[in-house]
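Colleague: My structure is in input30.txt, and what it holds is compact mmCIF, C-alpha atoms and all ligand atoms:
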# COMPACT_ATOMS: atom_id res chain seq x y z
CA MET A 1 0.00 0.00 0.00
CA SER A 2 1.17 3.53 -0.75
CA ASN A 3 2.02 5.76 2.22
CA PHE A 4 -0.19 8.51 0.90
CA TRP A 5 -3.53 8.74 2.74
CA HIS A 6 -5.89 10.38 0.27
CA PRO A 7 -8.23 13.13 1.45
CA PHE A 8 -11.82 11.87 1.17
CA GLY A 9 -10.50 8.56 -0.16
CA GLN A 10 -11.04 5.08 1.27
CA LEU A 11 -7.57 4.28 2.59
CA TYR A 12 -7.30 0.80 1.07
CA GLN A 13 -9.20 1.32 -2.16
CA ALA A 14 -7.68 4.69 -3.06
CA SER A 15 -4.24 3.22 -2.68
CA HIS A 16 -5.09 0.18 -4.81
CA SER A 17 -6.83 2.03 -7.63
CA ALA A 18 -4.82 5.25 -7.75
CA VAL A 19 -4.64 7.30 -10.94
CA VAL A 20 -1.30 9.09 -11.14
CA PHE A 21 -1.67 12.44 -12.86
CA ASP A 22 1.43 13.72 -14.50
CA ARG A 23 0.78 16.91 -16.43
CA GLY A 24 -1.92 19.27 -17.60
CA GLU A 25 -2.55 21.50 -20.55
CA GLY A 26 -5.63 23.70 -21.04
CA VAL A 27 -8.70 21.63 -20.19
CA TYR A 28 -6.86 18.32 -20.35
CA VAL A 29 -4.80 16.34 -17.86
CA TYR A 30 -2.60 13.33 -18.60
CA ASP A 31 -1.77 10.36 -16.41
CA GLU A 32 1.63 8.70 -16.14
CA ASP A 33 0.77 6.32 -18.96
CA GLY A 34 0.07 9.26 -21.24
CA ARG A 35 -3.73 8.82 -21.21
CA ARG A 36 -5.57 12.08 -21.79
CA TYR A 37 -8.64 13.11 -19.77
CA LEU A 38 -11.00 16.04 -20.23
CA ASP A 39 -10.89 17.76 -16.84
CA GLY A 40 -14.62 17.97 -16.16
CA THR A 41 -14.04 19.26 -12.63
CA ALA A 42 -11.17 21.76 -13.02
CA ALA A 43 -9.32 19.51 -10.53
CA LEU A 44 -11.46 20.19 -7.45
CA TRP A 45 -13.54 23.16 -8.71
CA TYR A 46 -10.45 25.33 -8.97
CA ALA A 47 -8.38 25.25 -12.18
CA ASN A 48 -10.40 28.16 -13.56
CA VAL A 49 -7.80 29.42 -16.08
CA GLY A 50 -6.91 25.86 -17.07
CA HIS A 51 -3.70 23.90 -16.73
CA GLY A 52 -0.20 24.70 -17.88
CA ARG A 53 -0.26 28.51 -17.80
CA THR A 54 3.43 29.29 -17.86
CA GLU A 55 2.89 32.96 -16.89
CA ILE A 56 1.68 31.83 -13.46
CA ALA A 57 4.54 29.34 -13.12
CA GLU A 58 6.99 32.09 -14.03
CA ALA A 59 5.47 34.59 -11.59
CA ILE A 60 5.78 31.93 -8.87
CA ALA A 61 9.39 31.17 -9.79
CA ALA A 62 10.37 34.84 -9.94
CA GLN A 63 8.88 35.53 -6.50
CA ALA A 64 10.37 32.35 -5.03
CA ARG A 65 13.80 33.41 -6.23
CA LYS A 66 13.41 36.91 -4.79
CA LEU A 67 11.70 36.16 -1.45
CA ALA A 68 9.91 32.82 -1.34
CA GLY A 69 8.25 33.07 2.03
CA TYR A 70 8.14 35.57 4.82
CA SER A 71 5.89 36.18 7.78
CA THR A 72 3.15 38.81 7.68
CA PHE A 73 2.36 38.58 11.39
CA GLY A 74 2.18 41.91 13.19
CA ASN A 75 3.22 44.71 10.87
CA PHE A 76 5.33 42.67 8.43
CA THR A 77 4.16 42.71 4.85
CA ASN A 78 5.34 42.20 1.29
CA ARG A 79 4.54 43.95 -1.98
CA PRO A 80 2.57 41.10 -3.63
CA ALA A 81 0.33 40.79 -0.53
CA GLU A 82 -0.39 44.52 -0.61
CA GLU A 83 -1.09 44.40 -4.33
CA LEU A 84 -3.38 41.39 -4.23
CA ALA A 85 -5.29 42.77 -1.24
CA GLY A 86 -5.79 46.03 -3.13
CA PHE A 87 -6.83 44.25 -6.32
CA LEU A 88 -9.39 42.08 -4.52
CA SER A 89 -10.69 44.90 -2.33
CA GLU A 90 -11.46 47.00 -5.43
CA ARG A 91 -13.46 44.13 -6.90
CA ALA A 92 -15.15 42.87 -3.72
CA PRO A 93 -18.93 43.23 -3.46
CA MET A 94 -18.59 45.66 -0.54
CA ALA A 95 -16.95 49.10 -0.27
CA HIS A 96 -13.45 49.38 1.22
CA ALA A 97 -13.13 45.68 2.01
CA GLN A 98 -10.25 44.46 4.15
CA ILE A 99 -8.72 41.24 2.88
CA PHE A 100 -7.55 38.57 5.33
CA PHE A 101 -5.38 35.94 3.65
CA VAL A 102 -5.20 32.31 4.73
CA GLN A 103 -4.15 29.05 3.08
CA GLY A 104 -7.38 27.63 1.68
CA GLY A 105 -11.15 27.55 1.89
CA GLY A 106 -11.42 25.73 5.20
CA ASP A 107 -9.38 28.27 7.09
CA ALA A 108 -11.22 31.08 5.27
CA VAL A 109 -14.40 29.68 6.84
CA GLU A 110 -12.71 29.45 10.27
CA THR A 111 -11.62 33.06 9.91
CA ALA A 112 -15.02 34.39 8.84
CA THR A 113 -16.99 32.56 11.52
CA LYS A 114 -14.55 33.42 14.31
CA LEU A 115 -14.46 37.02 13.17
CA ALA A 116 -18.28 37.16 13.13
CA ARG A 117 -18.36 36.06 16.78
CA ARG A 118 -15.54 38.38 17.75
CA TYR A 119 -17.20 41.32 15.98
CA HIS A 120 -20.31 40.98 18.13
CA PHE A 121 -18.11 40.54 21.21
CA GLU A 122 -16.45 43.86 20.42
CA LEU A 123 -19.87 45.46 20.04
CA GLY A 124 -20.80 44.36 23.56
CA GLN A 125 -22.90 41.36 22.53
CA PRO A 126 -20.74 38.36 23.50
CA GLU A 127 -23.82 36.15 23.66
CA ARG A 128 -24.20 36.37 19.88
CA THR A 129 -22.40 33.13 19.05
CA ALA A 130 -24.94 31.03 17.13
CA ILE A 131 -24.17 30.33 13.50
CA ILE A 132 -26.88 29.22 11.11
CA SER A 133 -26.01 27.26 7.99
CA ARG A 134 -27.86 25.13 5.45
CA VAL A 135 -28.50 21.46 4.85
CA ASN A 136 -26.31 20.33 1.93
CA GLY A 137 -23.90 23.23 2.50
CA TYR A 138 -20.19 22.40 2.47
CA HIS A 139 -17.74 24.63 4.30
CA GLY A 140 -14.56 22.59 4.53
CA THR A 141 -13.27 20.16 7.12
CA TRP A 142 -11.76 22.24 9.91
CA GLY A 143 -13.55 22.79 13.24
CA PHE A 144 -16.04 25.51 12.38
CA GLY A 145 -16.49 24.31 8.81
CA THR A 146 -17.20 20.75 9.92
CA SER A 147 -19.66 21.96 12.56
CA VAL A 148 -21.62 24.22 10.22
CA GLY A 149 -21.45 21.73 7.34
CA GLY A 150 -24.72 20.38 6.03
CA ILE A 151 -23.57 16.95 4.83
CA ASP A 152 -24.29 14.62 7.76
CA ALA A 153 -21.65 12.02 6.95
CA ASN A 154 -18.89 14.64 7.21
CA ARG A 155 -19.81 15.40 10.82
CA GLN A 156 -19.99 11.85 12.13
CA GLY A 157 -17.58 10.49 14.72
CA PHE A 158 -15.75 13.65 15.74
CA GLY A 159 -17.62 14.37 18.96
CA ASP A 160 -18.58 17.96 19.64
CA LEU A 161 -16.49 20.42 17.68
CA VAL A 162 -17.92 23.94 17.61
CA PRO A 163 -21.05 24.40 19.71
CA ASP A 164 -23.97 26.66 18.84
CA THR A 165 -24.36 25.79 15.17
CA TYR A 166 -27.74 25.16 13.52
CA ARG A 167 -28.89 24.02 10.09
CA VAL A 168 -31.97 24.92 8.11
CA PRO A 169 -33.24 23.63 4.74
CA TYR A 170 -31.18 25.09 1.91
CA ASP A 171 -34.04 26.35 -0.22
CA ASP A 172 -36.34 27.97 2.34
CA VAL A 173 -35.29 31.48 3.30
CA GLU A 174 -38.16 31.81 5.75
CA ALA A 175 -36.68 28.92 7.69
CA VAL A 176 -33.62 31.07 8.36
CA GLU A 177 -35.72 33.79 9.94
CA ALA A 178 -37.74 31.25 11.90
CA GLU A 179 -34.48 29.80 13.27
CA ILE A 180 -33.19 33.25 14.24
CA VAL A 181 -36.45 33.93 16.06
CA ARG A 182 -36.42 30.50 17.70
CA LEU A 183 -32.87 31.02 19.00
CA GLY A 184 -33.51 34.67 19.88
CA ASP A 185 -31.84 37.20 17.61
CA GLU A 186 -29.67 38.50 20.44
CA ARG A 187 -27.96 35.06 20.29
CA VAL A 188 -27.21 34.82 16.57
CA ALA A 189 -23.85 35.87 15.14
CA ALA A 190 -24.03 34.91 11.48
CA VAL A 191 -25.64 33.00 8.67
CA ILE A 192 -23.27 31.24 6.26
CA ALA A 193 -24.39 30.21 2.77
CA GLU A 194 -22.81 29.28 -0.54
CA PRO A 195 -24.16 31.33 -3.49
CA VAL A 196 -24.66 28.03 -5.33
CA ILE A 197 -24.24 24.95 -3.15
CA GLY A 198 -21.38 22.97 -4.69
CA ALA A 199 -20.00 19.86 -3.02
CA GLY A 200 -23.34 19.21 -1.30
CA GLY A 201 -25.00 18.49 -4.64
CA VAL A 202 -24.99 21.63 -6.86
CA TYR A 203 -28.14 23.44 -5.80
CA PRO A 204 -28.67 26.94 -7.22
CA PRO A 205 -30.74 29.14 -4.88
CA PRO A 206 -34.45 29.67 -5.51
CA PRO A 207 -35.20 33.03 -7.19
CA GLY A 208 -34.98 35.94 -4.74
CA TYR A 209 -33.31 33.82 -2.06
CA PHE A 210 -30.24 35.97 -1.43
CA GLY A 211 -32.08 39.31 -1.55
CA ALA A 212 -34.47 38.00 1.09
CA LEU A 213 -31.62 36.51 3.14
CA ARG A 214 -29.83 39.88 3.16
CA GLU A 215 -33.00 41.58 4.46
CA ILE A 216 -33.50 38.95 7.17
CA CYS A 217 -29.92 39.31 8.38
CA ASP A 218 -30.25 43.10 8.45
CA ARG A 219 -33.51 42.94 10.32
CA HIS A 220 -31.93 40.87 13.10
CA GLY A 221 -28.42 42.35 13.23
CA VAL A 222 -26.95 39.05 11.99
CA LEU A 223 -23.87 38.98 9.75
CA LEU A 224 -24.19 37.34 6.35
CA ILE A 225 -21.20 35.26 5.27
CA ALA A 226 -21.16 34.23 1.62
CA ASP A 227 -18.97 31.17 1.21
CA SER A 228 -17.74 31.74 -2.33
CA VAL A 229 -14.88 29.25 -2.21
CA ILE A 230 -16.27 27.51 -5.30
CA CYS A 231 -18.42 30.29 -6.72
CA GLY A 232 -15.78 33.01 -6.97
CA PHE A 233 -13.22 33.90 -9.62
CA GLY A 234 -15.48 33.43 -12.59
CA ARG A 235 -17.33 30.24 -11.68
CA LEU A 236 -20.58 32.26 -11.61
CA GLY A 237 -19.22 34.83 -14.07
CA SER A 238 -18.01 37.40 -11.53
CA TRP A 239 -15.27 37.92 -8.97
CA PHE A 240 -17.07 36.72 -5.85
CA GLY A 241 -20.17 34.97 -7.22
CA VAL A 242 -22.69 36.91 -5.11
CA GLU A 243 -22.71 39.89 -7.49
CA ARG A 244 -25.04 37.68 -9.49
CA PHE A 245 -27.70 38.04 -6.80
CA GLU A 246 -27.10 41.78 -6.32
CA ILE A 247 -26.32 41.63 -2.63
CA SER A 248 -23.47 42.86 -0.51
CA PRO A 249 -22.53 40.31 2.18
CA ASP A 250 -20.71 41.27 5.36
CA LEU A 251 -17.99 38.69 4.76
CA VAL A 252 -17.05 36.66 1.70
CA THR A 253 -14.79 33.62 1.90
CA PHE A 254 -12.75 32.70 -1.16
CA ALA A 255 -10.03 30.22 -2.21
CA LYS A 256 -9.64 27.79 -5.15
CA GLY A 257 -10.04 29.99 -8.28
CA VAL A 258 -8.08 32.87 -6.69
CA THR A 259 -4.91 31.09 -7.84
CA SER A 260 -6.65 28.51 -10.07
CA GLY A 261 -4.85 26.11 -7.73
CA TYR A 262 -1.34 26.93 -8.93
CA LEU A 263 -0.54 27.43 -5.23
CA PRO A 264 -2.77 27.13 -2.15
CA LEU A 265 -4.48 30.33 -1.10
CA GLY A 266 -7.71 31.39 0.57
CA GLY A 267 -9.04 34.49 2.23
CA VAL A 268 -11.92 36.56 3.48
CA ALA A 269 -13.18 39.87 2.13
CA ILE A 270 -14.48 41.83 5.10
CA ALA A 271 -16.88 44.76 4.90
CA GLU A 272 -15.70 48.04 6.38
CA HIS A 273 -18.27 48.02 9.21
CA VAL A 274 -17.13 44.52 10.30
CA ALA A 275 -13.50 45.62 10.38
CA ALA A 276 -14.35 48.91 12.11
CA PRO A 277 -14.19 47.65 15.74
CA PHE A 278 -10.63 46.47 15.03
CA ALA A 279 -9.50 49.51 13.04
CA ARG A 280 -9.13 52.22 15.67
CA GLU A 281 -5.77 53.17 17.10
CA ASP A 282 -6.64 51.53 20.42
CA SER A 283 -8.62 48.54 19.05
CA PRO A 284 -7.80 45.03 20.20
CA ILE A 285 -5.95 42.59 17.96
CA PHE A 286 -7.97 39.90 16.18
CA ARG A 287 -5.77 37.12 17.55
CA HIS A 288 -6.08 34.81 14.62
CA GLY A 289 -4.15 33.86 11.48
CA PRO A 290 -2.08 31.05 9.97
CA THR A 291 1.68 31.07 9.46
CA TYR A 292 1.38 31.33 5.70
CA GLY A 293 -1.25 34.06 5.49
CA GLY A 294 -0.03 36.54 2.88
CA HIS A 295 2.78 34.21 1.79
CA PRO A 296 4.56 36.16 -0.97
CA THR A 297 4.85 33.32 -3.48
CA CYS A 298 1.16 32.41 -3.12
CA MET A 299 0.34 36.10 -3.50
CA ALA A 300 2.33 36.23 -6.73
CA ALA A 301 0.38 33.22 -8.03
CA GLY A 302 -2.90 34.93 -7.11
CA LEU A 303 -1.94 38.14 -8.86
CA ALA A 304 -0.81 36.42 -12.06
CA ASN A 305 -3.97 34.30 -12.13
CA CYS A 306 -6.33 37.21 -11.44
CA HIS A 307 -4.76 39.28 -14.22
CA ILE A 308 -5.29 36.39 -16.64
CA LEU A 309 -8.93 36.03 -15.54
CA GLU A 310 -9.50 39.73 -16.13
CA ASP A 311 -7.33 40.48 -19.15
CA GLU A 312 -8.42 37.49 -21.20
CA GLY A 313 -12.14 37.83 -20.42
CA ILE A 314 -12.18 34.43 -18.70
CA LEU A 315 -14.04 35.77 -15.66
CA GLU A 316 -17.33 36.18 -17.52
CA ARG A 317 -17.23 32.75 -19.12
CA GLY A 318 -18.71 30.99 -16.09
CA ALA A 319 -21.99 32.77 -16.82
CA LEU A 320 -21.65 32.73 -20.62
CA LEU A 321 -21.24 28.96 -20.78
CA GLU A 322 -23.60 27.86 -18.01
CA GLY A 323 -26.48 27.10 -20.39
CA GLU A 324 -24.24 25.03 -22.64
CA LEU A 325 -22.94 22.89 -19.81
CA LEU A 326 -26.47 22.19 -18.61
CA ALA A 327 -27.71 21.48 -22.15
CA SER A 328 -24.85 19.07 -22.80
CA LEU A 329 -25.80 17.03 -19.71
CA LYS A 330 -29.60 17.18 -20.03
CA PRO A 331 -29.83 14.09 -22.29
CA ALA A 332 -28.62 12.08 -19.27
CA GLU A 333 -32.09 12.59 -17.76
CA LYS A 334 -33.58 10.05 -20.15
CA PHE A 335 -31.75 7.22 -18.35
CA GLU A 336 -33.61 5.37 -15.64
CA SER A 337 -30.58 5.50 -13.38
CA VAL A 338 -30.64 9.31 -13.38
CA LEU A 339 -33.01 11.31 -11.19
CA GLU A 340 -32.18 14.73 -12.62
CA VAL A 341 -29.54 17.04 -14.04
CA ARG A 342 -29.09 20.26 -12.04
CA GLY A 343 -27.24 23.49 -12.64
CA GLY A 344 -27.63 26.44 -14.97
CA VAL A 345 -26.28 29.09 -12.59
CA GLY A 346 -22.57 29.30 -13.28
CA LEU A 347 -20.31 26.71 -14.85
CA LEU A 348 -21.20 23.89 -12.49
CA ALA A 349 -23.73 21.09 -12.73
CA ALA A 350 -24.64 17.73 -11.23
CA VAL A 351 -26.11 14.52 -12.55
CA GLU A 352 -28.05 13.00 -9.66
CA VAL A 353 -28.26 9.21 -9.67
CA ALA A 354 -31.69 7.75 -8.80
CA PRO A 355 -31.97 7.40 -4.98
CA ASP A 356 -33.39 3.85 -5.08
CA LEU A 357 -30.41 2.73 -7.13
CA ARG A 358 -27.99 4.34 -4.66
CA ALA A 359 -29.82 2.76 -1.72
CA LYS A 360 -29.61 -0.69 -3.31
CA ASP A 361 -26.00 -0.27 -4.40
CA PRO A 362 -23.94 2.19 -2.32
CA GLY A 363 -20.95 1.85 -4.68
CA ALA A 364 -23.00 2.83 -7.74
CA VAL A 365 -21.87 6.44 -8.09
CA ASP A 366 -18.20 5.53 -7.66
CA ARG A 367 -18.48 2.90 -10.35
CA LEU A 368 -20.24 5.30 -12.70
CA ALA A 369 -17.43 7.80 -12.16
CA GLY A 370 -14.96 5.01 -12.98
CA THR A 371 -16.74 4.27 -16.26
CA VAL A 372 -16.79 7.97 -17.15
CA ARG A 373 -13.09 8.19 -16.38
CA ARG A 374 -12.25 5.18 -18.51
CA ASN A 375 -14.08 7.01 -21.29
CA GLY A 376 -11.73 9.97 -20.87
CA LEU A 377 -13.56 12.39 -18.55
CA ILE A 378 -12.85 13.35 -14.93
CA THR A 379 -15.88 13.97 -12.70
CA ARG A 380 -16.33 14.54 -8.98
CA VAL A 381 -18.22 11.96 -6.96
CA LEU A 382 -20.84 13.50 -4.64
CA SER A 383 -23.18 11.60 -2.34
CA GLN A 384 -26.03 12.04 -4.83
CA GLY A 385 -24.20 11.69 -8.12
CA LEU A 386 -21.53 13.31 -10.27
CA ALA A 387 -20.49 16.95 -10.34
CA PHE A 388 -19.09 18.91 -13.28
CA SER A 389 -17.21 22.21 -13.13
CA PRO A 390 -14.74 22.36 -16.03
CA PRO A 391 -12.07 25.05 -16.39
CA LEU A 392 -13.63 28.33 -17.55
CA ILE A 393 -11.57 28.22 -20.74
CA VAL A 394 -13.51 25.18 -21.93
CA GLU A 395 -14.87 25.53 -25.47
CA PRO A 396 -18.51 24.77 -26.38
CA THR A 397 -17.39 21.77 -28.47
CA GLN A 398 -15.57 20.38 -25.43
CA LEU A 399 -18.73 20.80 -23.36
CA GLU A 400 -20.59 18.79 -26.00
CA GLU A 401 -17.91 16.12 -25.75
CA LEU A 402 -18.31 16.12 -21.97
CA GLY A 403 -22.06 15.47 -22.27
CA GLN A 404 -21.52 12.77 -24.88
CA ILE A 405 -19.08 10.90 -22.66
CA VAL A 406 -21.56 10.97 -19.77
CA VAL A 407 -24.40 9.68 -21.95
CA GLU A 408 -22.20 7.00 -23.48
CA SER A 409 -21.06 5.91 -20.01
CA LEU A 410 -24.65 5.71 -18.73
CA ARG A 411 -25.59 3.60 -21.74
CA GLU A 412 -22.70 1.20 -21.07
CA TRP A 413 -23.51 1.18 -17.41
CA GLU A 414 -27.24 0.40 -17.64
N1 LIG B 501 -16.15 26.20 1.39
C1 LIG B 501 -16.64 25.70 0.26
C2 LIG B 501 -17.90 26.27 -0.31
C3 LIG B 501 -15.96 24.69 -0.41
O1 LIG B 501 -16.47 24.17 -1.54
C4 LIG B 501 -14.75 24.21 0.13
C5 LIG B 501 -14.00 23.15 -0.56
O2 LIG B 501 -14.45 22.54 -1.50
C6 LIG B 501 -14.29 24.74 1.32
C7 LIG B 501 -15.01 25.74 1.93
C8 LIG B 501 -13.02 24.24 1.94
O3 LIG B 501 -11.92 24.61 1.19
P1 LIG B 501 -10.52 23.84 1.37
O4 LIG B 501 -10.75 22.47 0.84
O5 LIG B 501 -9.57 24.66 0.56
O6 LIG B 501 -10.19 23.85 2.82
How does this structure look as structure tokens?
Ligand code: PLP

Modeller:
Amino acid sequence: MSNFWHPFGQLYQASHSAVVFDRGEGVYVYDEDGRRYLDGTAALWYANVGHGRTEIAEAIAAQARKLAGYSTFGNFTNRPAEELAGFLSERAPMAHAQIFFVQGGGDAVETATKLARRYHFELGQPERTAIISRVNGYHGTWGFGTSVGGIDANRQGFGDLVPDTYRVPYDDVEAVEAEIVRLGDERVAAVIAEPVIGAGGVYPPPPGYFGALREICDRHGVLLIADSVICGFGRLGSWFGVERFEISPDLVTFAKGVTSGYLPLGGVAIAEHVAAPFAREDSPIFRHGPTYGGHPTCMAAGLANCHILEDEGILERGALLEGELLASLKPAEKFESVLEVRGGVGLLAAVEVAPDLRAKDPGAVDRLAGTVRRNGLITRVLSQGLAFSPPLIVEPTQLEELGQIVVESLREWE
């Protein structure tokens, strides 16, 4: 057995069926045997500008040669961190955003939820600690993210992690208000929601959901955290995904597409009023932050990637191509083994496998993904079915190919 314990992989099986990826180019990746796969998932929802962009590799190398890593704790900083914070702040869906850098999406969620609690503490309301999230939501696998996560299996067997977290149905905004009232609004710190639920099954919000959610949060003095780890950086056609729903959250978490995965990076965009209690000359320190927050080489990767997204018009493609991705997968609905094809808001979609089939055969979705892969397409296995989120540079003909491979695989499989 290999010594590598795969994240979200069955220890024995992952080791005995491993696919060794070797290189990538555009929307394709190649394994060690030279087999080519269409990357239907942009790795793990992140390779937004595609694989093999040498400009990003060169920006990383240049920064690594100059100053690879250096602390930003206290008042230490570096030019790429300042530049990327400025770039993101200008484009964030809130005025004068502060940008807090971390290493990935999970610690972005930790940062946003801790900051929400600490914000209320600074405002003299330390009892505001409850965090409301949604069934099917995914917010990473650290303490807060696990506790607020809405996929039951991901919370099992860890004992109590973060107390005072509550879930409501993902598609019922009135349930959020009812939960705030039930808990008492003087107890609620924040609501966290993905613009489009990703890993929990690809569920776009019902029409008007986010506008109503913003109003509810305002009415009760509750902070709204948009978890845009998947939805940002063009996935929904804009920088932070929520612009699509014309709201301004109090905090936005981001990761993945910020570097298109060329190096790990995450962060939180923080509205001015949330930063205000920490911004006075005599304010307390927000005693939080990972060693590699603002790491200069990761910052250089983020800057190079963001310029490519903007300068080459890639950012908008998540919205431009969303209909084509959905249309390419829709024919899968005619198979008995498929319950439905979901998506249409941003370049992400899911093919849900019929629940009775999954109940009878718990390995069904994994095997379907294996067939699809043997036919030259990478997908992501979710509890309900397969997810698709190709690089934003994908061409319409490649989306057609993606749909054809899925249909062909279902035919073989049934
Ligand atoms: N939040 C959302 C919405 C995500 O989709 C993810 C990862 O997929 C995370 C948080 C966690 O990010 P990471 O895996 O970088 O810790």

Colleague: For ligand LIG 501 (chain B), which residue among A:Arg244, A:Arg280, A:Lys256, A:His220 is the nearest when counting all atoms listed in the file?

Modeller: A:Lys256

Colleague: Name the residues, by chain letter and number, that sit within 6 Å of ligand LIG 501 (chain B) using all atoms listed in the file, and give them as a list in words.

Modeller: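 Residues satisfying the distance criterion: Gly104, Gly105, Gly106, Tyr138, His139, Gly140, Glu194, Gly198, Ala199, Asp227, Ser228, Val229 and Ile230 of chain A.
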
Colleague: Neighbours of Ala108 (chain A) within 9 Å (all atoms listed in the file; same-chain residues fewer than 6 positions away dropped), as a PyMOL selection string?

Modeller: chain A and resi 100-102+227+229+252-255+266-268

Colleague: Using all atoms listed in the file, can you tell me which of A:Ala226, A:Val274, A:Ala59, A:Val162 comes closest to Arg118 (chain A)?

Modeller: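 Closest residue, counting all atoms listed in the file: A:Val274.
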
Colleague: Please indicate the distance in Å from CA of Thr379 (chain A) to CA of Glu316 (chain A), rounded to one decimal place.

Modeller: 22.8 Å

Colleague: Using Å and a single decimal, report how far CA of Tyr209 (chain A) sits from CA of Leu321 (chain A).

Modeller: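 CA of Tyr209 (chain A) lies 22.8 Å from CA of Leu321 (chain A).
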
Colleague: Using all atoms listed in the file, which residue out of A:Ala64, A:Val168, A:Leu123, A:Val351 lies closest to Pro277 (chain A)?

Modeller: A:Leu123

Colleague: How would you write as a list of chain:residue names the residues that get within 9 Å of (-5.2, 22.6, -21.5) in the file's frame, counting only C-alpha atoms?

Modeller: A:Gly24, A:Glu25, A:Gly26, A:Val27, A:Tyr28, A:Val29, A:Leu38, A:Asp39, A:Gly50, A:His51, A:Gly52, A:Arg53, A:Pro391, A:Ile393, A:Val394

Colleague: Could you work out how far CA of Ala271 (chain A) lies from CA of Ala97 (chain A), giving the answer in Å with one decimal?

Modeller: 4.8 Å

Colleague: My list of candidates is A:Ala327, A:Ala301, A:Leu88, A:Cys306. Which is closest to Pro396 (chain A) when distances are computed with all atoms listed in the file?

Modeller: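 So, comparing all the options, the nearest one is A:Ala327.
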
Colleague: With only C-alpha atoms as the counted atoms, please give the residues lying no more than 12 Å from Gly234 (chain A), apart from itself and same-chain residues fewer than 4 positions off, as an MDAnalysis selection string.

Modeller: chainID A and resid 45:49 228:230 238:244 254 256:260 305:306 308:310 312:322 345:348 389:393

Colleague: Write the selection just made, keeping C-alpha atoms, as a PDB file, in the frame of the given file?

Modeller:
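And here is the file that came out, again19.pdb:
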ATOM      1  CA  TRP A  45     -13.540  23.160  -8.710  1.00  0.00           C
ATOM      2  CA  TYR A  46     -10.450  25.330  -8.970  1.00  0.00           C
ATOM      3  CA  ALA A  47      -8.380  25.250 -12.180  1.00  0.00           C
ATOM      4  CA  ASN A  48     -10.400  28.160 -13.560  1.00  0.00           C
ATOM      5  CA  VAL A  49      -7.800  29.420 -16.080  1.00  0.00           C
ATOM      6  CA  SER A 228     -17.740  31.740  -2.330  1.00  0.00           C
ATOM      7  CA  VAL A 229     -14.880  29.250  -2.210  1.00  0.00           C
ATOM      8  CA  ILE A 230     -16.270  27.510  -5.300  1.00  0.00           C
ATOM      9  CA  SER A 238     -18.010  37.400 -11.530  1.00  0.00           C
ATOM     10  CA  TRP A 239     -15.270  37.920  -8.970  1.00  0.00           C
ATOM     11  CA  PHE A 240     -17.070  36.720  -5.850  1.00  0.00           C
ATOM     12  CA  GLY A 241     -20.170  34.970  -7.220  1.00  0.00           C
ATOM     13  CA  VAL A 242     -22.690  36.910  -5.110  1.00  0.00           C
ATOM     14  CA  GLU A 243     -22.710  39.890  -7.490  1.00  0.00           C
ATOM     15  CA  ARG A 244     -25.040  37.680  -9.490  1.00  0.00           C
ATOM     16  CA  PHE A 254     -12.750  32.700  -1.160  1.00  0.00           C
ATOM     17  CA  LYS A 256      -9.640  27.790  -5.150  1.00  0.00           C
ATOM     18  CA  GLY A 257     -10.040  29.990  -8.280  1.00  0.00           C
ATOM     19  CA  VAL A 258      -8.080  32.870  -6.690  1.00  0.00           C
ATOM     20  CA  THR A 259      -4.910  31.090  -7.840  1.00  0.00           C
ATOM     21  CA  SER A 260      -6.650  28.510 -10.070  1.00  0.00           C
ATOM     22  CA  ASN A 305      -3.970  34.300 -12.130  1.00  0.00           C
ATOM     23  CA  CYS A 306      -6.330  37.210 -11.440  1.00  0.00           C
ATOM     24  CA  ILE A 308      -5.290  36.390 -16.640  1.00  0.00           C
ATOM     25  CA  LEU A 309      -8.930  36.030 -15.540  1.00  0.00           C
ATOM     26  CA  GLU A 310      -9.500  39.730 -16.130  1.00  0.00           C
ATOM     27  CA  GLU A 312      -8.420  37.490 -21.200  1.00  0.00           C
ATOM     28  CA  GLY A 313     -12.140  37.830 -20.420  1.00  0.00           C
ATOM     29  CA  ILE A 314     -12.180  34.430 -18.700  1.00  0.00           C
ATOM     30  CA  LEU A 315     -14.040  35.770 -15.660  1.00  0.00           C
ATOM     31  CA  GLU A 316     -17.330  36.180 -17.520  1.00  0.00           C
ATOM     32  CA  ARG A 317     -17.230  32.750 -19.120  1.00  0.00           C
ATOM     33  CA  GLY A 318     -18.710  30.990 -16.090  1.00  0.00           C
ATOM     34  CA  ALA A 319     -21.990  32.770 -16.820  1.00  0.00           C
ATOM     35  CA  LEU A 320     -21.650  32.730 -20.620  1.00  0.00           C
ATOM     36  CA  LEU A 321     -21.240  28.960 -20.780  1.00  0.00           C
ATOM     37  CA  GLU A 322     -23.600  27.860 -18.010  1.00  0.00           C
ATOM     38  CA  VAL A 345     -26.280  29.090 -12.590  1.00  0.00           C
ATOM     39  CA  GLY A 346     -22.570  29.300 -13.280  1.00  0.00           C
ATOM     40  CA  LEU A 347     -20.310  26.710 -14.850  1.00  0.00           C
ATOM     41  CA  LEU A 348     -21.200  23.890 -12.490  1.00  0.00           C
ATOM     42  CA  SER A 389     -17.210  22.210 -13.130  1.00  0.00           C
ATOM     43  CA  PRO A 390     -14.740  22.360 -16.030  1.00  0.00           C
ATOM     44  CA  PRO A 391     -12.070  25.050 -16.390  1.00  0.00           C
ATOM     45  CA  LEU A 392     -13.630  28.330 -17.550  1.00  0.00           C
ATOM     46  CA  ILE A 393     -11.570  28.220 -20.740  1.00  0.00           C
TER      47      ILE A 393
END

Colleague: For Val173 (chain A), please output as a list in words all residues within 8 Å (counting all atoms listed in the file; exclusion window: fewer than 4 positions along the same chain).

Modeller: Glu177, Tyr209, Ala212 and Leu213 of chain A
